[in-house]
Each structure stands twice: as structure tokens, then as C-alpha cells.
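Visitor: data.txt is reproduced below (compact mmCIF, C-alpha atoms).
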```txt
# COMPACT_ATOMS: atom_id res chain seq x y z
CA MET M 1 0.00 0.00 0.00
CA ALA M 2 1.15 3.54 -0.66
CA THR M 3 2.67 5.50 2.19
CA HIS M 4 1.38 8.73 3.71
CA HIS M 5 4.60 10.51 2.74
CA TYR M 6 4.08 10.10 -0.97
CA TRP M 7 1.23 7.84 -1.94
CA ILE M 8 1.62 7.96 -5.73
CA PRO M 9 4.12 5.20 -6.60
CA TYR M 10 7.24 6.10 -8.56
CA ASN M 11 7.28 2.67 -10.18
CA HIS M 12 5.27 2.69 -13.41
CA ASP M 13 3.82 -0.81 -12.93
CA ALA M 14 2.87 -0.12 -9.31
CA LEU M 15 1.15 3.13 -10.30
CA HIS M 16 -0.78 1.38 -13.05
CA LYS M 17 -1.95 -1.33 -10.64
CA GLN M 18 -2.96 1.11 -7.89
CA ALA M 19 -4.68 3.58 -10.25
CA ASN M 20 -6.83 0.85 -11.76
CA ARG M 21 -7.73 -0.46 -8.32
CA THR M 22 -9.04 3.03 -7.57
CA GLY M 23 -10.77 3.31 -10.93
CA ASN M 24 -12.45 -0.09 -10.62
CA TYR M 25 -13.87 0.86 -7.21
CA LEU M 26 -15.18 4.16 -8.55
CA SER M 27 -16.78 2.33 -11.48
CA GLY M 28 -19.35 0.86 -9.10
CA PRO M 29 -22.51 3.03 -9.14
CA ALA M 30 -23.42 1.95 -5.59
CA ASN M 31 -19.99 2.99 -4.31
CA ARG M 32 -20.26 6.36 -6.04
CA GLU M 33 -23.77 7.01 -4.72
CA ARG M 34 -22.90 6.05 -1.15
CA MET M 35 -19.85 8.33 -1.13
CA GLY M 36 -21.82 11.28 -2.52
CA LEU M 37 -19.96 11.09 -5.85
CA SER M 38 -22.75 10.09 -8.23
CA PRO M 39 -22.70 11.57 -11.76
CA ALA M 40 -25.46 13.96 -10.66
CA THR M 41 -23.08 15.79 -8.27
CA PRO M 42 -20.40 18.33 -9.29
CA GLN M 43 -17.76 16.05 -7.74
CA GLY M 44 -19.04 13.08 -9.71
CA GLN M 45 -19.11 15.11 -12.89
CA TRP M 46 -15.45 16.03 -12.38
CA ILE M 47 -14.56 12.35 -11.89
CA ASP M 48 -16.26 11.45 -15.18
CA ALA M 49 -14.92 14.45 -17.10
CA ALA M 50 -11.34 14.61 -15.76
CA PHE M 51 -10.21 11.58 -13.75
CA PHE M 52 -11.54 8.73 -15.87
CA PRO M 53 -10.40 10.19 -19.24
CA ALA M 54 -6.90 10.74 -17.80
CA LEU M 55 -6.91 7.17 -16.48
CA TYR M 56 -8.03 5.77 -19.84
CA ARG M 57 -5.24 7.64 -21.67
CA PHE M 58 -2.72 6.42 -19.11
CA ASN M 59 -3.91 2.83 -19.49
CA GLU M 60 -3.76 2.93 -23.28
CA ALA M 61 -0.25 4.38 -23.25
CA TYR M 62 0.82 1.88 -20.61
CA ARG M 63 -0.37 -1.07 -22.73
CA ASN M 64 1.74 0.10 -25.67
CA TRP M 65 4.77 0.94 -23.54
CA SER M 66 4.70 -2.25 -21.45
CA ASN M 67 5.13 -4.44 -24.55
CA VAL M 68 8.92 -4.51 -24.34
CA ALA M 69 9.34 -6.30 -27.66
CA GLU M 70 7.58 -3.47 -29.52
CA ARG M 71 8.53 -0.53 -27.31
CA THR M 72 9.72 2.49 -29.29
CA ILE M 73 10.94 5.97 -28.58
CA VAL M 74 7.51 7.27 -29.60
CA SER M 75 5.52 4.89 -27.35
CA THR M 76 7.82 5.74 -24.46
CA ALA M 77 7.31 9.47 -24.97
CA VAL M 78 3.53 9.05 -25.25
CA PHE M 79 3.48 6.99 -22.08
CA ARG M 80 5.53 9.53 -20.12
CA ASP M 81 3.21 12.33 -21.25
CA ALA M 82 0.10 10.34 -20.29
CA GLU M 83 1.57 9.44 -16.89
CA ARG M 84 2.59 13.05 -16.27
CA ASP M 85 -0.93 14.25 -17.10
CA PHE M 86 -2.60 11.54 -15.03
CA LYS M 87 -0.79 12.18 -11.75
CA PRO M 88 -2.32 15.64 -11.03
CA ALA M 89 -5.81 14.26 -11.69
CA TYR M 90 -5.13 11.31 -9.39
CA ARG M 91 -3.78 13.62 -6.69
CA LYS M 92 -6.80 15.93 -6.96
CA LEU M 93 -9.17 12.97 -6.74
CA TYR M 94 -7.64 11.81 -3.46
CA THR M 95 -6.92 15.11 -1.73
CA GLY M 96 -9.90 17.03 -3.07
CA PHE M 97 -12.73 14.50 -3.24
CA LEU M 98 -11.88 11.44 -1.14
CA LYS M 99 -9.58 12.16 1.80
CA SER M 100 -11.66 15.00 3.26
CA ASN M 101 -15.06 13.56 2.30
CA PRO M 102 -16.90 12.38 5.46
CA LEU M 103 -18.91 9.91 3.36
CA VAL M 104 -15.70 8.14 2.32
CA THR M 105 -14.53 5.74 5.03
CA ASN M 106 -11.10 4.28 5.69
CA VAL M 107 -12.47 0.99 4.37
CA ASP M 108 -13.30 2.73 1.08
CA LEU M 109 -9.82 4.25 0.89
CA ASP M 110 -8.18 0.91 1.60
CA ASP M 111 -10.29 -0.82 -1.05
CA MET M 112 -9.15 1.83 -3.54
CA GLY M 113 -5.49 1.23 -2.66
CA LEU M 114 -5.19 4.69 -1.12
CA PRO M 115 -3.81 5.82 2.26
CA GLN M 116 -6.28 5.74 5.12
CA ARG M 117 -6.75 8.78 7.31
CA ARG M 118 -4.41 9.01 10.26
CA SER M 119 -5.65 7.55 13.51
CA HIS M 120 -6.35 10.95 15.07
CA VAL M 121 -8.80 11.78 12.29
CA SER M 122 -12.25 10.45 13.06
CA ASN M 123 -13.84 8.47 10.25
CA HIS M 124 -16.22 6.28 12.21
CA THR M 125 -19.64 5.70 10.74
CA PRO M 126 -22.05 5.83 13.70
CA PRO M 127 -24.39 2.86 13.92
CA LEU M 128 -27.97 3.57 13.02
CA SER M 129 -30.18 4.25 15.98
CA GLY M 130 -33.65 2.82 16.38
CA SER M 131 -35.20 5.92 14.86
CA HIS M 132 -36.76 6.10 11.43
CA PRO M 133 -37.74 8.89 9.03
CA MET M 134 -41.17 10.45 9.29
CA ALA M 135 -42.74 12.60 6.60
CA ASP M 136 -44.85 15.69 6.32
CA VAL M 137 -46.67 15.04 3.05
CA SER M 138 -48.07 17.80 0.89
CA LEU M 139 -50.12 17.31 -2.26
CA GLN M 140 -50.06 19.44 -5.37
CA SER M 141 -52.33 19.42 -8.36
CA GLY M 142 -50.90 17.58 -11.30
CA GLY M 143 -50.09 14.37 -9.46
CA ARG M 144 -47.08 15.54 -7.44
CA VAL M 145 -46.62 14.28 -3.85
CA TRP M 146 -43.99 16.06 -1.71
CA PHE M 147 -42.22 14.46 1.26
CA ARG M 148 -40.50 16.58 3.92
CA ILE M 149 -38.54 14.34 6.27
CA PHE M 150 -37.78 14.55 9.98
CA ASP M 151 -36.29 12.07 12.43
CA SER M 152 -38.67 10.16 14.70
CA GLY M 153 -36.09 10.12 17.50
CA THR M 154 -35.41 13.85 17.67
CA LEU M 155 -38.26 15.39 15.61
CA ARG M 156 -35.56 17.42 13.86
CA ARG M 157 -35.39 18.00 10.12
CA ALA M 158 -31.70 17.04 10.07
CA LYS M 159 -30.71 13.45 9.33
CA PRO M 160 -29.18 11.51 12.25
CA PRO M 161 -25.34 11.28 12.38
CA GLY M 162 -23.93 8.94 9.76
CA VAL M 163 -27.14 8.77 7.73
CA HIS M 164 -26.69 9.22 4.01
CA SER M 165 -30.14 8.74 2.53
CA VAL M 166 -33.81 7.90 2.97
CA GLU M 167 -35.18 4.72 1.44
CA LEU M 168 -38.81 5.02 0.35
CA ARG M 169 -40.82 1.86 -0.30
CA TRP M 170 -44.16 2.59 -1.98
CA ASP M 171 -46.92 1.33 -4.21
CA ILE M 172 -50.38 2.23 -5.51
CA LEU M 173 -52.81 -0.37 -4.19
CA ASP M 174 -56.55 -0.92 -3.97
CA GLU M 175 -56.27 -2.25 -0.39
CA PRO M 176 -53.86 -1.49 2.46
CA PRO M 177 -50.76 -3.70 2.31
CA LYS M 178 -50.49 -6.38 4.99
CA HIS M 179 -46.69 -6.31 4.85
CA ILE M 180 -43.95 -4.01 3.56
CA ASP M 181 -43.08 -6.59 0.91
CA ASP M 182 -46.54 -6.00 -0.60
CA MET M 183 -45.15 -2.66 -1.83
CA HIS M 184 -42.86 -3.19 -4.81
CA GLN M 185 -41.50 0.26 -5.71
CA THR M 186 -38.33 1.60 -4.12
CA SER M 187 -36.76 5.06 -4.34
CA SER M 188 -33.78 6.58 -2.52
CA PHE M 189 -33.21 10.26 -1.72
CA THR M 190 -30.32 12.10 -0.08
CA LYS M 191 -32.07 15.45 0.39
CA SER M 192 -35.39 16.62 1.77
CA PRO M 193 -37.87 17.60 0.50
CA PHE M 194 -38.30 15.17 -2.38
CA PHE M 195 -41.30 14.24 -4.51
CA LEU M 196 -42.95 11.60 -6.65
CA ASP M 197 -44.84 12.46 -9.84
CA PHE M 198 -47.81 10.42 -11.10
CA ASP M 199 -49.75 10.39 -14.36
CA ILE M 200 -53.25 11.80 -14.54
CA ASP M 201 -54.86 8.35 -14.55
CA ARG M 202 -53.43 7.74 -11.05
CA ARG M 203 -55.25 10.68 -9.44
CA GLY M 204 -57.61 9.72 -6.66
CA GLN M 205 -55.83 6.43 -5.98
CA HIS M 206 -54.18 5.42 -2.70
CA LEU M 207 -50.40 5.75 -2.45
CA TYR M 208 -49.02 3.63 0.39
CA PHE M 209 -45.47 4.24 1.59
CA VAL M 210 -42.97 3.50 4.36
CA LEU M 211 -39.54 4.99 5.13
CA ARG M 212 -36.21 4.02 6.70
CA TRP M 213 -32.73 5.49 7.06
CA GLU M 214 -29.60 4.21 5.29
CA ASN M 215 -26.13 5.13 6.54
CA THR M 216 -22.88 5.74 4.62
CA ARG M 217 -22.02 2.02 4.73
CA SER M 218 -25.36 1.01 3.16
CA GLN M 219 -26.66 -0.32 6.50
CA LYS M 220 -30.43 -0.05 6.89
CA GLY M 221 -32.37 1.21 9.87
CA PRO M 222 -35.82 0.02 10.96
CA TRP M 223 -38.89 0.77 8.89
CA GLY M 224 -41.44 3.23 10.17
CA ALA M 225 -45.19 2.71 9.98
CA ILE M 226 -46.97 2.30 6.66
CA LYS M 227 -48.81 5.49 5.69
CA ASP M 228 -51.08 6.43 2.80
CA VAL M 229 -52.22 9.49 0.89
CA ILE M 230 -54.60 10.09 -2.02
CA ILE M 231 -52.76 11.13 -5.19
CA PRO M 232 -53.98 14.64 -6.12
```
Would you mind giving the structure from this file in C-alpha cells?

Guide:
Amino acid sequence: MATHHYWIPYNHDALHKQANRTGNYLSGPANRERMGLSPATPQGQWIDAAFFPALYRFNEAYRNWSNVAERTIVSTAVFRDAERDFKPAYRKLYTGFLKSNPLVTNVDLDDMGLPQRRSHVSNHTPPLSGSHPMADVSLQSGGRVWFRIFDSGTLRRAKPPGVHSVELRWDILDEPPKHIDDMHQTSSFTKSPFFLDFDIDRRGQHLYFVLRWENTRSQKGPWGAIKDVIIP
């Protein structure tokens, strides 16, 4: 593993191996979403527009350069240029978007082949409490249902420590569901308020829903009670 003193390896092969370990981890949509780096965020857009293209160019140049039998002065020069351009993007990814990101844990960093935070830096994901999200629901004409979330344990609008998102299980049913598994639609939201939109033919029908917290390690809290509203 790279050291804290200089975590980008000098050795070309070691850098290639470490960089692709990082890239493979960031290729997982669930990892990106949990760390707040989805393509919908400015940070995620930078990763897709700057980091990954630099990594792809580095990989292509590395493949040509690493073939010793066909290595040329040109392929060596192209590789050195690609490696030189990749390193600043790699450094910015770690120092600007990962190391200081509270949603990125030391486990994430280790899985990416990157240095963990020092022991005096807290990066503990608090366990989920027994609380669950509750919702103030408002209805708007045109089939839009708004959810404004607060915590059942504190009655505060803020999410509990370590919580990343709200999981919403819902369905449109003729009769009240007997169990949560009777509802088959799932949505996830990181900010409140959020909304669901329904077509005109759904107006007047019963929307049943239930909520729970999810923390930064994708651990789930308990479900709240099943509620229902009439779609406006």
C-alpha cells in the first residue's frame, strides 16, 4: 500500500496497478452514490470528465509501452506524457474529493489502494439508531406528492449522524398492504424535500409508503409505519 509521505508510486507498474484499483472501485454506481460522488453531483461530474479520461489515456499508453518487444521511442514518450498528465488528476481525486469527504470511510480508501486517514482523524460511521424517518406530506395538483422528512427520534429536520439517505418503499394499491413486501416500488433520496410524480390516470388512488434510514455504509435502519395518501 502507498505510504502517507508520498502515496503515488514512482514505479510505473505499481502506479498502473494502484490507479486501476481506484478506478475499478469508482466504477461501481453503488460505491459512487454512497460516497456522494454520483454523476449527478459536481464532484461526480469532475470524476467522469477529468479523472476517468486521464486514467483511460494512461492505461492505453501503458499497454503500448509495457510491450517490451515493440517498445519504441515514440511509445515511451507518449506513455511519459500520459503518466505526467494523469498524476495531477489522481492527486486531486484523493486530496480534493476522497480524503476530506466524510462519506468516504477508511475501508473505502483501503479498497481503492489509497492511504487511510491518520488515527487521530475520526472516520467512524455511527451505527444507526432505532429511529426512522417520518414525513410531512403535501399534495399538489398535477399528481405531485412532496415528502418533507424529519427524524422520529429527535423530531428534527436534520438526518441523524452517519445517515446518508432515505429509502422510500411505496406502491399504488386498492387495499392497504399487509406487509412491507406487498409494496414493490423503491426510491432513494439524499435530500429533503423530495417528490414523486404520477400520471393523470393515477389521481384519486391510494399511495401507500414506508420509510427508513440508510447510513454511509449502506446499513439499513428500521422501517417506520406504513402510511397512505390520495394522489392529487

Visitor: Do you know which residues lie at most 8 Å from (2.5, 7.6, -20.5), with coordinates as in the file and all atoms listed in the file counted, and could you write them as a VMD selection string?

Guide: chain M and resid 57 to 58 61 to 62 65 75 to 84

Visitor: My list of candidates is M:Pro133, M:Pro88, M:Pro193, M:Pro115. Which is closest to M:Gly221 when distances are computed with all atoms listed in the file?

Guide: M:Pro133

Visitor: Neighbouring residues of M:Leu55 were defined as those with any atom within 10 Å, considering only C-alpha atoms; residues of the same chain fewer than 3 positions away were excluded. Please report them as a VMD selection string.

Guide: chain M and resid 16 19 to 20 23 50 to 52 58 to 61 82 to 83 85 to 87 89 to 90

Visitor: So, counting only C-alpha atoms, which residue among M:Ala14, M:Trp146, M:His179, M:Lys92 is closest to M:Ser192?

Guide: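 Comparing M:Ala14, M:Trp146, M:His179, M:Lys92 against M:Ser192, the winner is M:Trp146.
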
Visitor: Tell me which of M:Gly36, M:Gly162, M:Gly130, M:Pro177 sits closest to M:Pro222, counting only C-alpha atoms.

Guide: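 Distance minimum relative to M:Pro222 lands on M:Gly130.
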
Visitor: Is there a way to complete stretch 76-112 of chain M with N, CA and C atoms and then write that out as a PDB file, in the coordinates of the input?

Guide:
```pdb
ATOM      1  N   THR M  76       7.294   5.329 -25.767  1.00  0.00           N
ATOM      2  CA  THR M  76       7.820   5.740 -24.460  1.00  0.00           C
ATOM      3  C   THR M  76       7.479   7.186 -24.167  1.00  0.00           C
ATOM      4  N   ALA M  77       7.622   8.045 -25.159  1.00  0.00           N
ATOM      5  CA  ALA M  77       7.310   9.470 -24.970  1.00  0.00           C
ATOM      6  C   ALA M  77       5.821   9.671 -24.711  1.00  0.00           C
ATOM      7  N   VAL M  78       4.981   8.945 -25.455  1.00  0.00           N
ATOM      8  CA  VAL M  78       3.530   9.050 -25.250  1.00  0.00           C
ATOM      9  C   VAL M  78       3.162   8.583 -23.852  1.00  0.00           C
ATOM     10  N   PHE M  79       3.770   7.506 -23.418  1.00  0.00           N
ATOM     11  CA  PHE M  79       3.480   6.990 -22.080  1.00  0.00           C
ATOM     12  C   PHE M  79       3.892   7.989 -21.006  1.00  0.00           C
ATOM     13  N   ARG M  80       5.065   8.567 -21.133  1.00  0.00           N
ATOM     14  CA  ARG M  80       5.530   9.530 -20.120  1.00  0.00           C
ATOM     15  C   ARG M  80       4.604  10.750 -20.066  1.00  0.00           C
ATOM     16  N   ASP M  81       4.143  11.195 -21.228  1.00  0.00           N
ATOM     17  CA  ASP M  81       3.210  12.330 -21.250  1.00  0.00           C
ATOM     18  C   ASP M  81       1.892  11.964 -20.576  1.00  0.00           C
ATOM     19  N   ALA M  82       1.372  10.765 -20.874  1.00  0.00           N
ATOM     20  CA  ALA M  82       0.100  10.340 -20.290  1.00  0.00           C
ATOM     21  C   ALA M  82       0.228  10.166 -18.775  1.00  0.00           C
ATOM     22  N   GLU M  83       1.347   9.609 -18.330  1.00  0.00           N
ATOM     23  CA  GLU M  83       1.570   9.440 -16.890  1.00  0.00           C
ATOM     24  C   GLU M  83       1.708  10.791 -16.205  1.00  0.00           C
ATOM     25  N   ARG M  84       2.416  11.708 -16.840  1.00  0.00           N
ATOM     26  CA  ARG M  84       2.590  13.050 -16.270  1.00  0.00           C
ATOM     27  C   ARG M  84       1.249  13.766 -16.152  1.00  0.00           C
ATOM     28  N   ASP M  85       0.371  13.598 -17.136  1.00  0.00           N
ATOM     29  CA  ASP M  85      -0.930  14.250 -17.100  1.00  0.00           C
ATOM     30  C   ASP M  85      -1.886  13.574 -16.119  1.00  0.00           C
ATOM     31  N   PHE M  86      -1.704  12.273 -15.918  1.00  0.00           N
ATOM     32  CA  PHE M  86      -2.600  11.540 -15.030  1.00  0.00           C
ATOM     33  C   PHE M  86      -2.355  11.860 -13.558  1.00  0.00           C
ATOM     34  N   LYS M  87      -1.116  12.027 -13.166  1.00  0.00           N
ATOM     35  CA  LYS M  87      -0.790  12.180 -11.750  1.00  0.00           C
ATOM     36  C   LYS M  87      -1.505  13.362 -11.076  1.00  0.00           C
ATOM     37  N   PRO M  88      -1.575  14.552 -11.688  1.00  0.00           N
ATOM     38  CA  PRO M  88      -2.320  15.640 -11.030  1.00  0.00           C
ATOM     39  C   PRO M  88      -3.803  15.321 -10.843  1.00  0.00           C
ATOM     40  N   ALA M  89      -4.400  14.635 -11.827  1.00  0.00           N
ATOM     41  CA  ALA M  89      -5.810  14.260 -11.690  1.00  0.00           C
ATOM     42  C   ALA M  89      -5.988  13.251 -10.560  1.00  0.00           C
ATOM     43  N   TYR M  90      -5.077  12.313 -10.450  1.00  0.00           N
ATOM     44  CA  TYR M  90      -5.130  11.310  -9.390  1.00  0.00           C
ATOM     45  C   TYR M  90      -4.955  11.968  -8.022  1.00  0.00           C
ATOM     46  N   ARG M  91      -4.017  12.911  -7.947  1.00  0.00           N
ATOM     47  CA  ARG M  91      -3.780  13.620  -6.690  1.00  0.00           C
ATOM     48  C   ARG M  91      -4.998  14.444  -6.295  1.00  0.00           C
ATOM     49  N   LYS M  92      -5.611  15.125  -7.276  1.00  0.00           N
ATOM     50  CA  LYS M  92      -6.800  15.930  -6.960  1.00  0.00           C
ATOM     51  C   LYS M  92      -7.956  15.051  -6.520  1.00  0.00           C
ATOM     52  N   LEU M  93      -8.108  13.889  -7.148  1.00  0.00           N
ATOM     53  CA  LEU M  93      -9.170  12.970  -6.740  1.00  0.00           C
ATOM     54  C   LEU M  93      -9.041  12.614  -5.276  1.00  0.00           C
ATOM     55  N   TYR M  94      -7.841  12.244  -4.847  1.00  0.00           N
ATOM     56  CA  TYR M  94      -7.640  11.810  -3.460  1.00  0.00           C
ATOM     57  C   TYR M  94      -7.736  12.956  -2.472  1.00  0.00           C
ATOM     58  N   THR M  95      -6.964  14.020  -2.706  1.00  0.00           N
ATOM     59  CA  THR M  95      -6.920  15.110  -1.730  1.00  0.00           C
ATOM     60  C   THR M  95      -8.164  15.987  -1.765  1.00  0.00           C
ATOM     61  N   GLY M  96      -8.778  16.115  -2.952  1.00  0.00           N
ATOM     62  CA  GLY M  96      -9.900  17.030  -3.070  1.00  0.00           C
ATOM     63  C   GLY M  96     -11.268  16.405  -2.887  1.00  0.00           C
ATOM     64  N   PHE M  97     -11.404  15.102  -3.225  1.00  0.00           N
ATOM     65  CA  PHE M  97     -12.730  14.500  -3.240  1.00  0.00           C
ATOM     66  C   PHE M  97     -12.887  13.271  -2.356  1.00  0.00           C
ATOM     67  N   LEU M  98     -11.791  12.676  -1.925  1.00  0.00           N
ATOM     68  CA  LEU M  98     -11.880  11.440  -1.140  1.00  0.00           C
ATOM     69  C   LEU M  98     -11.396  11.613   0.295  1.00  0.00           C
ATOM     70  N   LYS M  99     -10.191  12.117   0.475  1.00  0.00           N
ATOM     71  CA  LYS M  99      -9.580  12.160   1.800  1.00  0.00           C
ATOM     72  C   LYS M  99     -10.387  12.989   2.796  1.00  0.00           C
ATOM     73  N   SER M 100     -10.934  14.109   2.350  1.00  0.00           N
ATOM     74  CA  SER M 100     -11.660  15.000   3.260  1.00  0.00           C
ATOM     75  C   SER M 100     -13.167  14.804   3.210  1.00  0.00           C
ATOM     76  N   ASN M 101     -13.624  13.812   2.461  1.00  0.00           N
ATOM     77  CA  ASN M 101     -15.060  13.560   2.300  1.00  0.00           C
ATOM     78  C   ASN M 101     -15.554  12.684   3.453  1.00  0.00           C
ATOM     79  N   PRO M 102     -16.454  13.179   4.319  1.00  0.00           N
ATOM     80  CA  PRO M 102     -16.900  12.380   5.460  1.00  0.00           C
ATOM     81  C   PRO M 102     -17.693  11.139   5.065  1.00  0.00           C
ATOM     82  N   LEU M 103     -18.192  11.084   3.818  1.00  0.00           N
ATOM     83  CA  LEU M 103     -18.910   9.910   3.360  1.00  0.00           C
ATOM     84  C   LEU M 103     -17.981   8.795   2.884  1.00  0.00           C
ATOM     85  N   VAL M 104     -16.701   9.119   2.736  1.00  0.00           N
ATOM     86  CA  VAL M 104     -15.700   8.140   2.320  1.00  0.00           C
ATOM     87  C   VAL M 104     -15.010   7.612   3.587  1.00  0.00           C
ATOM     88  N   THR M 105     -15.108   6.332   3.829  1.00  0.00           N
ATOM     89  CA  THR M 105     -14.530   5.740   5.030  1.00  0.00           C
ATOM     90  C   THR M 105     -13.116   5.227   4.764  1.00  0.00           C
ATOM     91  N   ASN M 106     -12.422   4.880   5.838  1.00  0.00           N
ATOM     92  CA  ASN M 106     -11.100   4.280   5.690  1.00  0.00           C
ATOM     93  C   ASN M 106     -11.176   2.943   4.963  1.00  0.00           C
ATOM     94  N   VAL M 107     -12.291   2.241   5.111  1.00  0.00           N
ATOM     95  CA  VAL M 107     -12.470   0.990   4.370  1.00  0.00           C
ATOM     96  C   VAL M 107     -12.525   1.280   2.875  1.00  0.00           C
ATOM     97  N   ASP M 108     -13.248   2.338   2.494  1.00  0.00           N
ATOM     98  CA  ASP M 108     -13.300   2.730   1.080  1.00  0.00           C
ATOM     99  C   ASP M 108     -11.898   3.039   0.561  1.00  0.00           C
ATOM    100  N   LEU M 109     -11.158   3.852   1.318  1.00  0.00           N
ATOM    101  CA  LEU M 109      -9.820   4.250   0.890  1.00  0.00           C
ATOM    102  C   LEU M 109      -8.917   3.028   0.728  1.00  0.00           C
ATOM    103  N   ASP M 110      -8.996   2.110   1.679  1.00  0.00           N
ATOM    104  CA  ASP M 110      -8.180   0.910   1.600  1.00  0.00           C
ATOM    105  C   ASP M 110      -8.547   0.070   0.380  1.00  0.00           C
ATOM    106  N   ASP M 111      -9.848  -0.049   0.116  1.00  0.00           N
ATOM    107  CA  ASP M 111     -10.290  -0.820  -1.050  1.00  0.00           C
ATOM    108  C   ASP M 111      -9.845  -0.176  -2.360  1.00  0.00           C
ATOM    109  N   MET M 112      -9.621   1.134  -2.342  1.00  0.00           N
ATOM    110  CA  MET M 112      -9.150   1.830  -3.540  1.00  0.00           C
ATOM    111  C   MET M 112      -7.627   1.841  -3.642  1.00  0.00           C
TER     112      MET M 112
END
```
